[in-house]
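Asker: Just one file: input.txt, with compact mmCIF, C-alpha atoms.
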```
# COMPACT_ATOMS: atom_id res chain seq x y z
CA MET N 70 98.18 131.20 98.38
CA SER N 71 100.50 129.37 100.71
CA THR N 72 103.25 131.17 102.55
CA ALA N 73 106.90 130.37 102.94
CA PRO N 74 108.08 128.47 106.00
CA THR N 75 108.51 130.96 108.86
CA SER N 76 111.88 129.78 110.09
CA ALA N 77 114.61 129.71 107.48
CA PRO N 78 116.75 126.56 107.38
CA ALA N 79 120.26 126.98 108.79
CA ARG N 80 121.86 126.46 105.40
CA LYS N 81 120.34 127.97 102.29
CA LEU N 82 119.20 125.39 99.78
CA ARG N 83 121.10 125.52 96.53
CA VAL N 84 118.91 125.68 93.41
CA ALA N 85 119.86 125.33 89.74
CA THR N 86 117.57 125.99 86.79
CA THR N 87 117.90 125.57 83.05
CA SER N 88 115.88 125.61 79.87
CA LEU N 89 116.51 122.77 77.39
CA ALA N 90 114.09 122.60 74.44
CA GLY N 91 111.89 125.25 76.02
CA CYS N 92 110.91 128.84 75.35
CA PHE N 93 111.92 130.30 78.76
CA GLY N 94 108.21 130.82 79.40
CA CYS N 95 108.45 128.67 82.54
CA HIS N 96 111.33 130.82 83.76
CA MET N 97 109.22 133.92 83.09
CA SER N 98 106.39 132.33 85.05
CA PHE N 99 108.90 131.57 87.84
CA LEU N 100 109.62 135.33 87.97
CA ASP N 101 105.83 135.83 88.18
CA ILE N 102 105.98 134.81 91.83
CA ASP N 103 106.78 138.53 92.12
CA GLU N 104 107.40 139.70 95.71
CA HIS N 105 107.73 136.08 96.86
CA LEU N 106 111.15 136.24 95.19
CA PHE N 107 112.30 138.22 98.25
CA GLU N 108 111.11 135.42 100.54
CA LEU N 109 112.68 132.86 98.25
CA VAL N 110 116.17 134.36 98.26
CA GLU N 111 116.10 134.18 102.08
CA LEU N 112 115.71 130.39 101.73
CA VAL N 113 117.73 129.52 98.64
CA GLU N 114 120.76 130.53 96.65
CA PHE N 115 121.13 130.00 92.94
CA ASP N 116 123.70 127.84 91.19
CA ARG N 117 123.61 127.45 87.40
CA SER N 118 120.62 129.42 86.10
CA PRO N 119 119.83 132.10 83.53
CA LEU N 120 119.50 134.32 86.61
CA THR N 121 123.19 133.91 87.58
CA ASP N 122 124.82 133.09 84.24
CA ILE N 123 126.86 130.31 85.90
CA LYS N 124 127.65 127.92 83.03
CA GLU N 125 128.19 124.54 84.75
CA VAL N 126 125.91 123.07 87.38
CA GLY N 127 127.50 122.30 90.76
CA PRO N 128 126.20 120.23 93.69
CA CYS N 129 122.61 121.35 94.37
CA ASP N 130 119.59 120.48 96.46
CA ILE N 131 117.00 121.29 93.81
CA GLY N 132 117.22 121.33 90.01
CA LEU N 133 114.44 122.81 87.89
CA ILE N 134 114.40 121.70 84.25
CA GLU N 135 112.33 123.55 81.70
CA GLY N 136 111.91 122.07 78.22
CA GLY N 137 112.24 118.62 76.69
CA VAL N 138 115.29 116.99 75.15
CA CYS N 139 115.77 117.80 71.46
CA ASN N 140 119.55 117.63 70.90
CA ALA N 141 122.80 116.13 72.18
CA GLU N 142 123.64 119.15 74.33
CA ASN N 143 120.25 118.88 76.10
CA VAL N 144 121.12 115.27 77.01
CA HIS N 145 124.52 116.36 78.34
CA VAL N 146 123.07 119.21 80.46
CA LEU N 147 120.21 117.05 81.74
CA ARG N 148 122.58 114.27 82.83
CA ALA N 149 124.82 116.82 84.56
CA PHE N 150 121.79 118.17 86.44
CA ARG N 151 120.79 114.64 87.45
CA ARG N 152 124.30 113.94 88.75
CA GLN N 153 124.46 117.19 90.73
CA CYS N 154 120.89 117.69 92.04
CA LYS N 155 119.41 115.76 94.93
CA THR N 156 115.89 116.55 93.73
CA LEU N 157 115.22 117.03 90.04
CA ILE N 158 111.97 118.60 88.85
CA ALA N 159 110.35 118.68 85.41
CA LEU N 160 109.01 122.24 85.14
CA GLY N 161 106.27 122.79 82.57
CA ALA N 162 104.62 120.95 79.68
CA CYS N 163 107.71 120.51 77.48
CA ALA N 164 109.80 118.91 80.23
CA VAL N 165 106.82 116.76 81.29
CA ASN N 166 105.66 115.48 77.88
CA GLY N 167 107.78 117.08 75.13
CA GLY N 168 105.32 119.89 74.52
CA LEU N 169 105.48 122.09 71.44
CA PRO N 170 108.92 120.97 70.17
CA ALA N 171 107.66 117.35 70.22
CA GLN N 172 105.07 118.30 67.61
CA ARG N 173 107.80 117.57 65.05
CA ASN N 174 107.96 113.95 66.18
CA HIS N 175 105.66 112.59 63.47
CA LEU N 176 107.95 114.07 60.79
CA SER N 177 111.40 112.78 59.91
CA LEU N 178 114.24 115.01 61.12
CA SER N 179 115.69 115.46 57.63
CA GLU N 180 112.24 116.47 56.33
CA CYS N 181 112.05 119.14 59.06
CA LEU N 182 115.54 120.49 58.42
CA ARG N 183 115.05 120.60 54.64
CA GLU N 184 111.70 122.36 55.02
CA VAL N 185 113.18 125.06 57.26
CA TYR N 186 116.63 125.63 55.70
CA GLN N 187 116.17 124.71 52.03
CA PHE N 188 112.58 124.89 50.83
CA ARG N 189 111.17 127.80 52.81
CA PRO N 190 109.85 130.55 50.50
CA GLY N 191 112.47 133.28 50.00
CA ILE N 192 115.48 131.03 50.60
CA GLU N 193 118.00 130.60 47.79
CA ASN N 194 120.77 127.99 47.87
CA GLY N 195 119.82 127.22 51.47
CA GLN N 196 122.00 124.74 53.36
CA ILE N 197 121.34 122.74 56.48
CA PRO N 198 123.72 124.13 59.16
CA ASN N 199 126.56 121.71 59.88
CA ASP N 200 129.00 123.71 62.02
CA PRO N 201 130.67 121.20 64.38
CA GLU N 202 129.91 123.54 67.31
CA LEU N 203 126.18 123.08 66.82
CA PRO N 204 124.68 120.27 68.93
CA LEU N 205 123.22 117.48 66.81
CA PRO N 206 119.41 117.29 66.91
CA LEU N 207 117.83 114.03 68.09
CA ASP N 208 115.48 112.16 65.77
CA LYS N 209 112.65 112.68 68.28
CA VAL N 210 112.04 115.24 71.02
CA ARG N 211 111.71 113.45 74.36
CA PRO N 212 110.20 114.36 77.73
CA ILE N 213 113.03 114.47 80.28
CA HIS N 214 111.75 111.47 82.29
CA GLU N 215 112.54 109.30 79.25
CA VAL N 216 116.24 110.20 79.65
CA VAL N 217 116.92 110.48 83.40
CA ARG N 218 115.01 109.75 86.61
CA ILE N 219 112.81 112.67 87.64
CA ASP N 220 111.60 113.20 91.21
CA TYR N 221 108.69 115.59 90.70
CA PHE N 222 106.59 116.91 87.83
CA LEU N 223 105.00 120.36 87.62
CA PRO N 224 102.84 120.53 84.46
CA GLY N 225 101.42 123.62 82.74
CA CYS N 226 102.23 125.77 79.73
CA PRO N 227 103.56 127.48 81.71
CA PRO N 228 102.74 126.48 85.30
CA SER N 229 101.35 129.63 86.92
CA GLY N 230 103.40 131.71 89.37
CA PRO N 231 101.13 130.62 92.25
CA ALA N 232 101.56 126.95 91.21
CA ILE N 233 105.36 127.29 91.17
CA TRP N 234 105.32 129.07 94.54
CA LYS N 235 103.05 126.45 96.12
CA PHE N 236 105.27 123.70 94.75
CA LEU N 237 108.54 125.25 95.94
CA THR N 238 107.24 126.17 99.39
CA ASP N 239 105.94 122.62 99.88
CA LEU N 240 109.29 121.22 98.81
CA ILE N 241 111.42 123.59 100.88
CA ALA N 242 109.26 122.96 103.95
CA GLY N 243 109.74 119.21 103.55
CA ARG N 244 106.18 118.44 102.46
CA THR N 245 105.32 116.34 99.40
CA PRO N 246 104.48 119.02 96.82
CA ARG N 247 100.81 119.00 95.87
CA LEU N 248 99.00 121.17 93.33
CA SER N 249 95.54 121.52 94.81
CA GLY N 250 92.78 124.08 94.44
CA GLY N 251 92.87 124.59 90.67
CA LEU N 252 96.67 124.98 90.44
CA LEU N 253 97.03 121.87 88.28
CA HIS N 254 96.71 122.68 84.57
CA TYR N 255 98.09 121.11 81.41
CA ASP N 256 97.49 124.20 79.25
CA MET U 40 64.63 97.76 97.44
CA LYS U 41 67.82 95.83 96.77
CA GLN U 42 71.05 97.55 97.59
CA PHE U 43 74.84 97.18 97.54
CA LEU U 44 77.54 99.02 99.44
CA LEU U 45 79.70 101.54 97.55
CA ASP U 46 82.68 102.57 99.67
CA GLY U 47 80.54 101.67 102.70
CA GLN U 48 77.51 103.70 101.56
CA PRO U 49 74.26 101.85 100.72
CA VAL U 50 73.24 102.30 97.06
CA PRO U 51 69.76 101.11 95.97
CA PHE U 52 69.36 99.56 92.53
CA GLU U 53 66.84 97.90 90.24
CA ASP U 54 67.46 94.52 88.62
CA GLY U 55 69.62 94.87 85.52
CA GLN U 56 71.09 98.24 86.53
CA SER U 57 74.86 98.48 86.34
CA ILE U 58 76.96 99.49 89.33
CA LEU U 59 77.77 102.77 87.53
CA GLU U 60 74.15 103.67 86.73
CA ALA U 61 72.93 102.92 90.24
CA ALA U 62 75.82 104.85 91.80
CA ARG U 63 75.30 107.95 89.63
CA GLN U 64 71.54 107.84 90.28
CA ALA U 65 72.21 107.80 94.01
CA GLY U 66 74.54 110.81 93.74
CA HIS U 67 77.88 108.99 93.85
CA TYR U 68 80.59 109.68 91.30
CA ILE U 69 82.35 106.89 89.44
CA PRO U 70 84.47 108.31 86.59
CA SER U 71 84.03 107.29 82.96
CA LEU U 72 84.96 108.37 79.45
CA CYS U 73 83.26 105.88 77.11
CA TRP U 74 80.01 105.52 79.05
CA HIS U 75 76.91 107.49 78.01
CA GLN U 76 73.46 107.14 79.55
CA ASP U 77 71.78 106.83 76.13
CA PHE U 78 73.92 103.92 74.91
CA PRO U 79 74.65 100.39 76.09
CA ALA U 80 77.84 99.99 78.12
CA HIS U 81 81.00 99.89 76.04
CA GLY U 82 83.55 98.99 78.70
CA SER U 83 86.59 100.19 76.75
CA CYS U 84 88.06 103.07 78.74
CA LYS U 85 88.08 101.14 82.04
CA LEU U 86 88.11 104.40 84.03
CA CYS U 87 85.04 103.15 85.94
CA ILE U 88 87.10 100.27 87.32
CA VAL U 89 85.89 99.21 90.79
CA LYS U 90 86.58 96.30 93.06
CA ALA U 91 83.37 94.31 93.48
CA ALA U 92 83.37 91.20 95.66
CA GLY U 93 87.17 91.26 95.49
CA ARG U 94 87.41 91.40 91.68
CA HIS U 95 88.32 94.28 89.39
CA VAL U 96 85.39 94.99 87.07
CA SER U 97 84.10 97.82 84.85
CA ALA U 98 81.27 99.42 86.82
CA CYS U 99 79.46 100.36 83.58
CA ALA U 100 79.30 96.76 82.35
CA THR U 101 78.70 94.90 85.60
CA PRO U 102 75.12 94.49 86.86
CA ALA U 103 74.76 95.42 90.53
CA LYS U 104 74.15 92.56 92.92
CA GLU U 105 72.40 92.51 96.27
CA GLY U 106 74.77 92.80 99.21
CA TRP U 107 77.94 93.43 97.19
CA GLU U 108 80.69 95.49 98.74
CA VAL U 109 82.12 97.73 96.03
CA GLU U 110 85.30 99.78 96.39
CA SER U 111 85.66 102.79 94.11
CA ASP U 112 86.99 106.00 95.61
CA THR U 113 90.00 104.38 97.30
CA PRO U 114 93.72 105.06 96.88
CA GLU U 115 94.12 101.67 95.17
CA MET U 116 91.36 102.19 92.58
CA ASN U 117 92.25 105.83 91.99
CA GLY U 118 95.89 104.83 91.47
CA GLU U 119 94.80 102.35 88.80
CA ARG U 120 92.67 105.05 87.18
CA ARG U 121 95.70 107.36 87.09
CA ALA U 122 97.73 104.62 85.38
CA LEU U 123 94.93 104.13 82.82
CA LEU U 124 94.90 107.87 82.14
CA GLN U 125 98.68 107.85 81.71
CA MET U 126 98.38 105.08 79.13
CA LEU U 127 95.68 107.00 77.26
CA PHE U 128 97.90 110.10 77.23
CA VAL U 129 101.01 108.36 75.83
CA GLU U 130 99.08 106.44 73.17
CA GLY U 131 97.89 109.59 71.41
CA ASN U 132 99.26 113.10 70.92
CA HIS U 133 97.56 115.03 73.71
CA PHE U 134 99.13 118.46 73.49
CA CYS U 135 96.73 120.46 75.66
CA PRO U 136 98.27 123.95 75.12
CA SER U 137 97.24 123.92 71.44
CA CYS U 138 93.93 122.09 71.79
CA GLU U 139 90.64 123.96 71.34
CA LYS U 140 88.97 121.47 73.68
CA SER U 141 91.28 122.34 76.58
CA GLY U 142 89.16 123.15 79.63
CA ASN U 143 86.17 121.28 78.19
CA CYS U 144 87.99 117.97 77.73
CA GLU U 145 86.94 115.05 79.90
CA LEU U 146 90.29 113.27 79.55
CA GLN U 147 92.13 116.38 80.75
CA ALA U 148 89.59 116.96 83.54
CA LEU U 149 90.08 113.39 84.75
CA GLY U 150 93.84 113.99 84.71
CA TYR U 151 93.23 116.89 87.09
CA GLU U 152 90.74 114.92 89.20
CA TYR U 153 93.23 112.09 89.77
CA GLU U 154 96.23 114.43 90.03
CA MET U 155 98.10 113.01 87.07
CA LEU U 156 101.32 115.05 86.99
CA THR U 157 103.24 113.01 84.43
CA SER U 158 102.35 110.60 81.67
CA ARG U 159 105.05 108.37 83.19
CA PHE U 160 105.36 105.90 80.30
CA ARG U 161 107.25 106.27 77.02
CA HIS U 162 105.26 108.36 74.55
CA PHE U 163 104.26 106.67 71.29
CA PHE U 164 104.07 109.95 69.29
CA PRO U 165 101.86 108.31 66.62
CA ASP U 166 101.44 109.90 63.19
CA ARG U 167 97.78 110.80 62.78
CA PRO U 168 97.08 113.46 60.11
CA VAL U 169 94.08 115.75 60.68
CA ASP U 170 91.06 115.92 58.36
CA ALA U 171 89.85 119.47 57.63
CA SER U 172 87.82 118.54 54.54
CA HIS U 173 84.38 119.17 56.07
CA PRO U 174 83.11 122.78 55.89
CA ASP U 175 81.81 122.86 59.50
CA VAL U 176 83.77 120.26 61.45
CA LEU U 177 87.47 119.50 61.97
CA LEU U 178 88.77 116.03 62.81
CA ASP U 179 91.98 115.83 64.84
CA PHE U 180 92.68 112.11 65.22
CA ASN U 181 95.70 112.78 67.45
CA ARG U 182 93.42 112.92 70.48
CA CYS U 183 91.22 109.87 69.83
CA ILE U 184 90.82 107.50 72.79
CA PHE U 185 88.68 104.93 70.89
CA CYS U 186 85.60 105.33 73.10
CA GLU U 187 83.41 104.81 70.01
CA LEU U 188 80.85 107.37 71.20
CA CYS U 189 80.89 109.04 67.75
CA VAL U 190 80.68 105.62 66.07
CA ARG U 191 77.67 104.68 68.17
CA ALA U 192 75.94 108.09 67.93
CA SER U 193 76.34 108.25 64.15
CA ARG U 194 75.19 104.68 63.59
CA ASP U 195 72.44 104.32 66.20
CA VAL U 196 71.00 107.86 66.48
CA ASP U 197 71.98 109.83 63.37
CA GLY U 198 71.48 106.78 61.14
CA LYS U 199 74.58 107.56 59.06
CA ALA U 200 77.43 105.31 60.25
CA VAL U 201 80.02 107.97 59.39
CA PHE U 202 82.70 106.66 61.77
CA ALA U 203 84.28 103.28 62.52
CA LEU U 204 87.29 101.87 64.33
CA THR U 205 89.63 99.75 62.29
CA GLY U 206 92.86 97.84 62.94
CA ARG U 207 93.78 95.97 66.10
CA GLY U 208 95.92 96.63 69.14
CA ILE U 209 98.49 99.32 68.54
CA ASN U 210 97.22 99.79 64.97
CA LYS U 211 93.65 100.56 66.01
CA HIS U 212 92.41 103.89 64.70
CA LEU U 213 89.29 105.88 63.87
CA VAL U 214 88.31 106.05 60.21
CA VAL U 215 85.67 107.90 58.22
CA ASN U 216 83.26 105.80 56.19
CA ALA U 217 83.84 107.27 52.73
CA GLU U 218 85.75 105.95 49.74
CA SER U 219 88.19 108.86 50.05
CA GLY U 220 88.31 108.47 53.86
CA ARG U 221 87.52 112.17 54.21
CA LEU U 222 84.73 113.63 56.32
CA GLY U 223 83.90 116.17 53.60
CA ASP U 224 82.80 113.30 51.35
CA THR U 225 80.16 112.01 53.79
CA ASP U 226 76.69 113.30 54.70
CA PHE U 227 77.96 114.21 58.20
CA SER U 228 76.37 117.38 59.58
CA LYS U 229 77.36 119.70 62.41
CA ASP U 230 73.85 119.10 63.83
CA ASP U 231 74.42 115.34 64.22
CA LEU U 232 74.64 113.93 67.73
CA ALA U 233 78.03 112.51 66.68
CA ALA U 234 79.29 116.08 66.20
CA ARG U 235 78.65 116.91 69.86
CA ILE U 236 79.46 113.71 71.70
CA CYS U 237 83.29 113.49 71.60
CA PRO U 238 84.63 113.60 75.20
CA VAL U 239 88.05 114.75 73.96
CA GLY U 240 89.21 117.08 71.17
CA VAL U 241 88.80 114.94 68.02
CA ILE U 242 85.52 116.27 66.58
CA LEU U 243 85.63 120.06 66.75
CA PRO U 244 83.22 122.64 65.32
CA LYS U 245 84.98 125.08 63.00
CA GLY U 246 84.69 128.81 63.61
CA ARG U 247 84.36 128.55 67.38
CA GLY U 248 87.94 128.10 68.56
CA PHE U 249 88.58 130.07 71.70
CA ALA U 250 85.27 132.03 71.74
CA VAL U 251 85.03 130.92 75.38
CA PRO U 252 88.50 131.78 76.71
CA ILE U 253 90.76 129.38 78.58
CA GLY U 254 90.07 129.87 82.27
CA GLU U 255 86.28 130.21 81.82
CA ARG U 256 85.57 126.73 80.52
CA THR U 257 83.56 123.86 82.01
CA TYR U 258 86.35 122.24 84.02
CA ASP U 259 88.36 125.39 84.77
CA GLY U 260 86.20 126.41 87.71
CA GLN U 261 84.90 123.03 88.88
CA SER U 262 86.05 119.44 88.88
CA ILE U 263 84.61 116.83 86.55
CA ARG U 264 83.25 115.11 89.66
CA GLU U 265 81.19 118.19 90.58
CA GLN U 266 80.08 118.76 86.98
CA LYS U 267 78.94 115.16 86.38
CA LEU U 268 77.02 114.99 89.66
CA LYS U 269 75.32 118.27 88.76
CA GLU U 270 74.34 116.85 85.34
CA GLU U 271 72.98 113.75 87.07
CA GLU U 272 70.74 115.87 89.34
CA SER U 273 69.22 117.91 86.50
```
What is this file in structure tokens?

Answerer:
Amino acid sequence: MSTAPTSAPARKLRVATTSLAGCFGCHMSFLDIDEHLFELVELVEFDRSPLTDIKEVGPCDIGLIEGGVCNAENVHVLRAFRRQCKTLIALGACAVNGGLPAQRNHLSLSECLREVYQFRPGIENGQIPNDPELPLPLDKVRPIHEVVRIDYFLPGCPPSGPAIWKFLTDLIAGRTPRLSGGLLHYD
Amino acid sequence: MKQFLLDGQPVPFEDGQSILEAARQAGHYIPSLCWHQDFPAHGSCKLCIVKAAGRHVSACATPAKEGWEVESDTPEMNGERRALLQMLFVEGNHFCPSCEKSGNCELQALGYEYEMLTSRFRHFFPDRPVDASHPDVLLDFNRCIFCELCVRASRDVDGKAVFALTGRGINKHLVVNAESGRLGDTDFSKDDLAARICPVGVILPKGRGFAVPIGERTYDGQSIREQKLKEEES
């Protein structure tokens, strides 16, 4: 496993993370870098992220996006990340190619909603939720590179802790990130 | 013996041998998905693309020629291979995390070999229902790359002609040769060569699933390059 750069940059890099149509598994895998987290917080500080509970993304050096784009709010958050982050990264299978949520793409959206909220066994008088606060689902789930420009891709379901650490240390040290030595997986 | 140069290395060949056959025989790796040593060249996957005498050709379908300089393992050719892989990935539904073939899949292994990190293009998300009608074998058409290995194996070796490709261009797809279109209504058997020859996860034996766990599969511990060269030696 690679190690962090020995000399910390003068200014800490600012990092934001979010999960769109994801399961937070990639964030869990990010925490799987274990004791490297101590090295990481010497080099970076967190902006919007489930780790900080900051709600709006500010100007950042690195943005990590987990999950694909399945509704209008995902599009809004993704575009905000693209505006604010110098380097935007697709983290994990769903962000890279739509992943599990995209398995609904060969069905019509109304078919999906009716199946879940009206015709599921045990449901009586079921209604499709229509509260105006709920973001509208998109007709298809999209990988994030089909919506905004993405700088780097880190596949895997989820990418392993060592893969995420290798990737981040490469990036922070100014190297082109490269997943070598069995770190590249799609599953 | 006649020879050509592959990435600067001399490769001997016999008349009529393709660039791919001669290279593999001499211990050099040129990737492929639709090529199989027991069948004539198919030339559909184009992964074996090389530059021979300045032209892009399929190494499986191009007879070697004396004195040729052939480029294969170069950044240019490997970049084209990565683009071909990306096109194969967006044309089907290749969702590796749920696929029983993951780790044994040649398409996935080539993605690793050529460091494909994104499928880059817009995904087609085609609608391809599965066929679970056969008692021993499942068909998941989502992953078909139209290599026709099952078509050829069933027709030329098994003598059954169970599979065929139909449609053209974007509408091309694999079909089962039965009035109902279902595998369960054919004489297909799990012992057929066609049941074992799929390089991706379309033709899957039932009841096996994840008996060999993810992480211990063919391409988990070694690259497809290493595996194919090992097969060539034995």

Asker: Please identify all polymer residues within 12 Å of Arg211 of chain N, counting all atoms listed in the file, omitting same-chain residues fewer than 2 positions from it, and present them as an MDAnalysis selection string.

Answerer: (chainID N and resid 89:91 136:141 143:144 147 162:174 206:209 213:217) or (chainID U and resid 129 160:164)

Asker: Grab the atom CA of Thr121 of chain N to atom CA of Val84 of chain N distance for me, in Å with one decimal place.

Answerer: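 Answer for the atom CA of Thr121 of chain N to atom CA of Val84 of chain N separation: 11.0 Å.
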
Asker: Using all atoms listed in the file, which protein or nucleic acid residues come within 8 Å of Leu156 of chain U? Drop anything in the same chain fewer than 6 positions from it, and give the result as a PyMOL selection string.

Answerer: (chain N and resi 222-224) or (chain U and resi 150)

Asker: Pull C-alpha atoms from the residues just selected and write them as a short mmCIF file (atom, residue, chain, number, x, y, z; two decimals), keeping the file's coordinate frame.

Answerer:
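Below is the file again-v5.cif, written as the result:
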```cif
data_model
loop_
_atom_site.label_atom_id
_atom_site.label_comp_id
_atom_site.auth_asym_id
_atom_site.auth_seq_id
_atom_site.Cartn_x
_atom_site.Cartn_y
_atom_site.Cartn_z
CA PHE N 222 106.59 116.91 87.83
CA LEU N 223 105.00 120.36 87.62
CA PRO N 224 102.84 120.53 84.46
CA GLY U 150 93.84 113.99 84.71
#
```

Asker: Can you work out the spacing between atom CA of Glu104 of chain N and atom CA of Arg80 of chain N in Å, to one decimal?

Answerer: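 Value for the atom CA of Glu104 of chain N-atom CA of Arg80 of chain N distance: 21.9 Å.
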
Asker: Please build the interface table for chain N against chain U with a cut-off of 6 Å, listing for each qualifying residue the nearest atom pair and the distance in Å to one decimal; count only C-alpha atoms, order rows by chain and increasing number, and write it as CSV.

Answerer:
```
residue,atom,partner,partner_atom,distance
N:His175,CA,U:Asp166,CA,5.0
N:Phe222,CA,U:Leu156,CA,5.7
N:Tyr255,CA,U:Cys135,CA,5.9
N:Asp256,CA,U:Pro136,CA,4.2
```

Asker: Any idea what's packed within 12 Å of Cys129 of chain N, counting only C-alpha atoms, ignoring anything in its chain fewer than 4 positions away? Could you give it as a list of chain:residue names?

Answerer: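 The residues satisfying every condition are N:Lys81, N:Leu82, N:Arg83, N:Val84, N:Ala85, N:Thr86, N:Val113, N:Glu114, N:Phe115, N:Asp116, N:Arg117, N:Ser118, N:Glu125, N:Leu133, N:Ala149, N:Phe150, N:Arg151, N:Arg152, N:Gln153, N:Cys154, N:Lys155, N:Thr156, N:Leu157.
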
Asker: How far is it from atom CA of Leu240 of chain N to atom CA of Leu109 of chain N, in Å with one decimal?

Answerer: 12.1 Å

Asker: Mind checking which residues fall within 9 Å of Ile88 of chain U, counting all atoms listed in the file, ignoring those fewer than 4 positions away in the same chain, and posting them as a PDB file with C-alpha atoms, in the coordinates of the input?

Answerer:
```
ATOM      1  CA  ILE U  69      82.350 106.890  89.440  1.00  0.00           C
ATOM      2  CA  PRO U  70      84.470 108.310  86.590  1.00  0.00           C
ATOM      3  CA  SER U  71      84.030 107.290  82.960  1.00  0.00           C
ATOM      4  CA  HIS U  95      88.320  94.280  89.390  1.00  0.00           C
ATOM      5  CA  VAL U  96      85.390  94.990  87.070  1.00  0.00           C
ATOM      6  CA  SER U  97      84.100  97.820  84.850  1.00  0.00           C
ATOM      7  CA  ALA U  98      81.270  99.420  86.820  1.00  0.00           C
ATOM      8  CA  CYS U  99      79.460 100.360  83.580  1.00  0.00           C
ATOM      9  CA  SER U 111      85.660 102.790  94.110  1.00  0.00           C
ATOM     10  CA  MET U 116      91.360 102.190  92.580  1.00  0.00           C
ATOM     11  CA  ASN U 117      92.250 105.830  91.990  1.00  0.00           C
ATOM     12  CA  GLU U 119      94.800 102.350  88.800  1.00  0.00           C
ATOM     13  CA  ARG U 120      92.670 105.050  87.180  1.00  0.00           C
TER      14      ARG U 120
END
```

Asker: Using all atoms listed in the file, find the one residue out of U:Ile236, U:Ala122, U:Ile242, U:Ala192 that sits nearest to His173 of chain U.

Answerer: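 Nearest to His173 of chain U: U:Ile242.
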
Asker: Which neighbours of Ala91 of chain U fall inside 12 Å, counting all atoms listed in the file, when residues of the same chain fewer than 4 positions from it are skipped, and could you give them as a list of chain:residue names?

Answerer: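 Within the cut-off, the hits are U:Phe43, U:Leu44, U:Leu45, U:Asp46, U:Ser57, U:Ile58, U:Leu59, U:Cys87, U:His95, U:Val96, U:Ser97, U:Ala98, U:Thr101, U:Pro102, U:Ala103, U:Lys104, U:Glu105, U:Gly106, U:Trp107, U:Glu108, U:Val109, U:Glu110, U:Ser111, U:Met116.
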
Asker: Keeping C-alpha atoms for every residue in the selection just given, could you write it to a file as a short mmCIF file (atom, residue, chain, number, x, y, z; two decimals), in the frame of the given file?

Answerer:
```cif
data_model
loop_
_atom_site.label_atom_id
_atom_site.label_comp_id
_atom_site.auth_asym_id
_atom_site.auth_seq_id
_atom_site.Cartn_x
_atom_site.Cartn_y
_atom_site.Cartn_z
CA PHE U 43 74.84 97.18 97.54
CA LEU U 44 77.54 99.02 99.44
CA LEU U 45 79.70 101.54 97.55
CA ASP U 46 82.68 102.57 99.67
CA SER U 57 74.86 98.48 86.34
CA ILE U 58 76.96 99.49 89.33
CA LEU U 59 77.77 102.77 87.53
CA CYS U 87 85.04 103.15 85.94
CA HIS U 95 88.32 94.28 89.39
CA VAL U 96 85.39 94.99 87.07
CA SER U 97 84.10 97.82 84.85
CA ALA U 98 81.27 99.42 86.82
CA THR U 101 78.70 94.90 85.60
CA PRO U 102 75.12 94.49 86.86
CA ALA U 103 74.76 95.42 90.53
CA LYS U 104 74.15 92.56 92.92
CA GLU U 105 72.40 92.51 96.27
CA GLY U 106 74.77 92.80 99.21
CA TRP U 107 77.94 93.43 97.19
CA GLU U 108 80.69 95.49 98.74
CA VAL U 109 82.12 97.73 96.03
CA GLU U 110 85.30 99.78 96.39
CA SER U 111 85.66 102.79 94.11
CA MET U 116 91.36 102.19 92.58
#
```

Asker: Since the input lacks atoms, please generate N, CA, C and O atoms for segment 239-245 of chain N and provide them as an mmCIF file, in the frame of the given file.

Answerer:
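To be explicit, this is the file written out as out-v2.cif:
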```
data_model
loop_
_atom_site.group_PDB
_atom_site.id
_atom_site.type_symbol
_atom_site.label_atom_id
_atom_site.label_comp_id
_atom_site.auth_asym_id
_atom_site.auth_seq_id
_atom_site.Cartn_x
_atom_site.Cartn_y
_atom_site.Cartn_z
ATOM 1 N N ASP N 239 106.155 123.990 99.377
ATOM 2 C CA ASP N 239 105.940 122.620 99.880
ATOM 3 C C ASP N 239 107.280 121.890 99.983
ATOM 4 O O ASP N 239 107.609 121.292 101.002
ATOM 5 N N LEU N 240 108.032 121.959 98.895
ATOM 6 C CA LEU N 240 109.290 121.220 98.810
ATOM 7 C C LEU N 240 110.295 121.701 99.849
ATOM 8 O O LEU N 240 110.917 120.904 100.561
ATOM 9 N N ILE N 241 110.431 123.018 99.966
ATOM 10 C CA ILE N 241 111.420 123.590 100.880
ATOM 11 C C ILE N 241 111.043 123.284 102.336
ATOM 12 O O ILE N 241 111.906 123.056 103.185
ATOM 13 N N ALA N 242 109.714 123.232 102.583
ATOM 14 C CA ALA N 242 109.260 122.960 103.950
ATOM 15 C C ALA N 242 109.291 121.465 104.270
ATOM 16 O O ALA N 242 108.944 121.065 105.382
ATOM 17 N N GLY N 243 109.645 120.638 103.293
ATOM 18 C CA GLY N 243 109.740 119.210 103.550
ATOM 19 C C GLY N 243 108.446 118.455 103.360
ATOM 20 O O GLY N 243 108.327 117.304 103.759
ATOM 21 N N ARG N 244 107.444 119.123 102.760
ATOM 22 C CA ARG N 244 106.180 118.440 102.460
ATOM 23 C C ARG N 244 106.251 117.862 101.044
ATOM 24 O O ARG N 244 106.992 118.369 100.199
ATOM 25 N N THR N 245 105.450 116.806 100.783
ATOM 26 C CA THR N 245 105.320 116.340 99.400
ATOM 27 C C THR N 245 104.559 117.397 98.623
ATOM 28 O O THR N 245 103.441 117.740 98.990
#
```
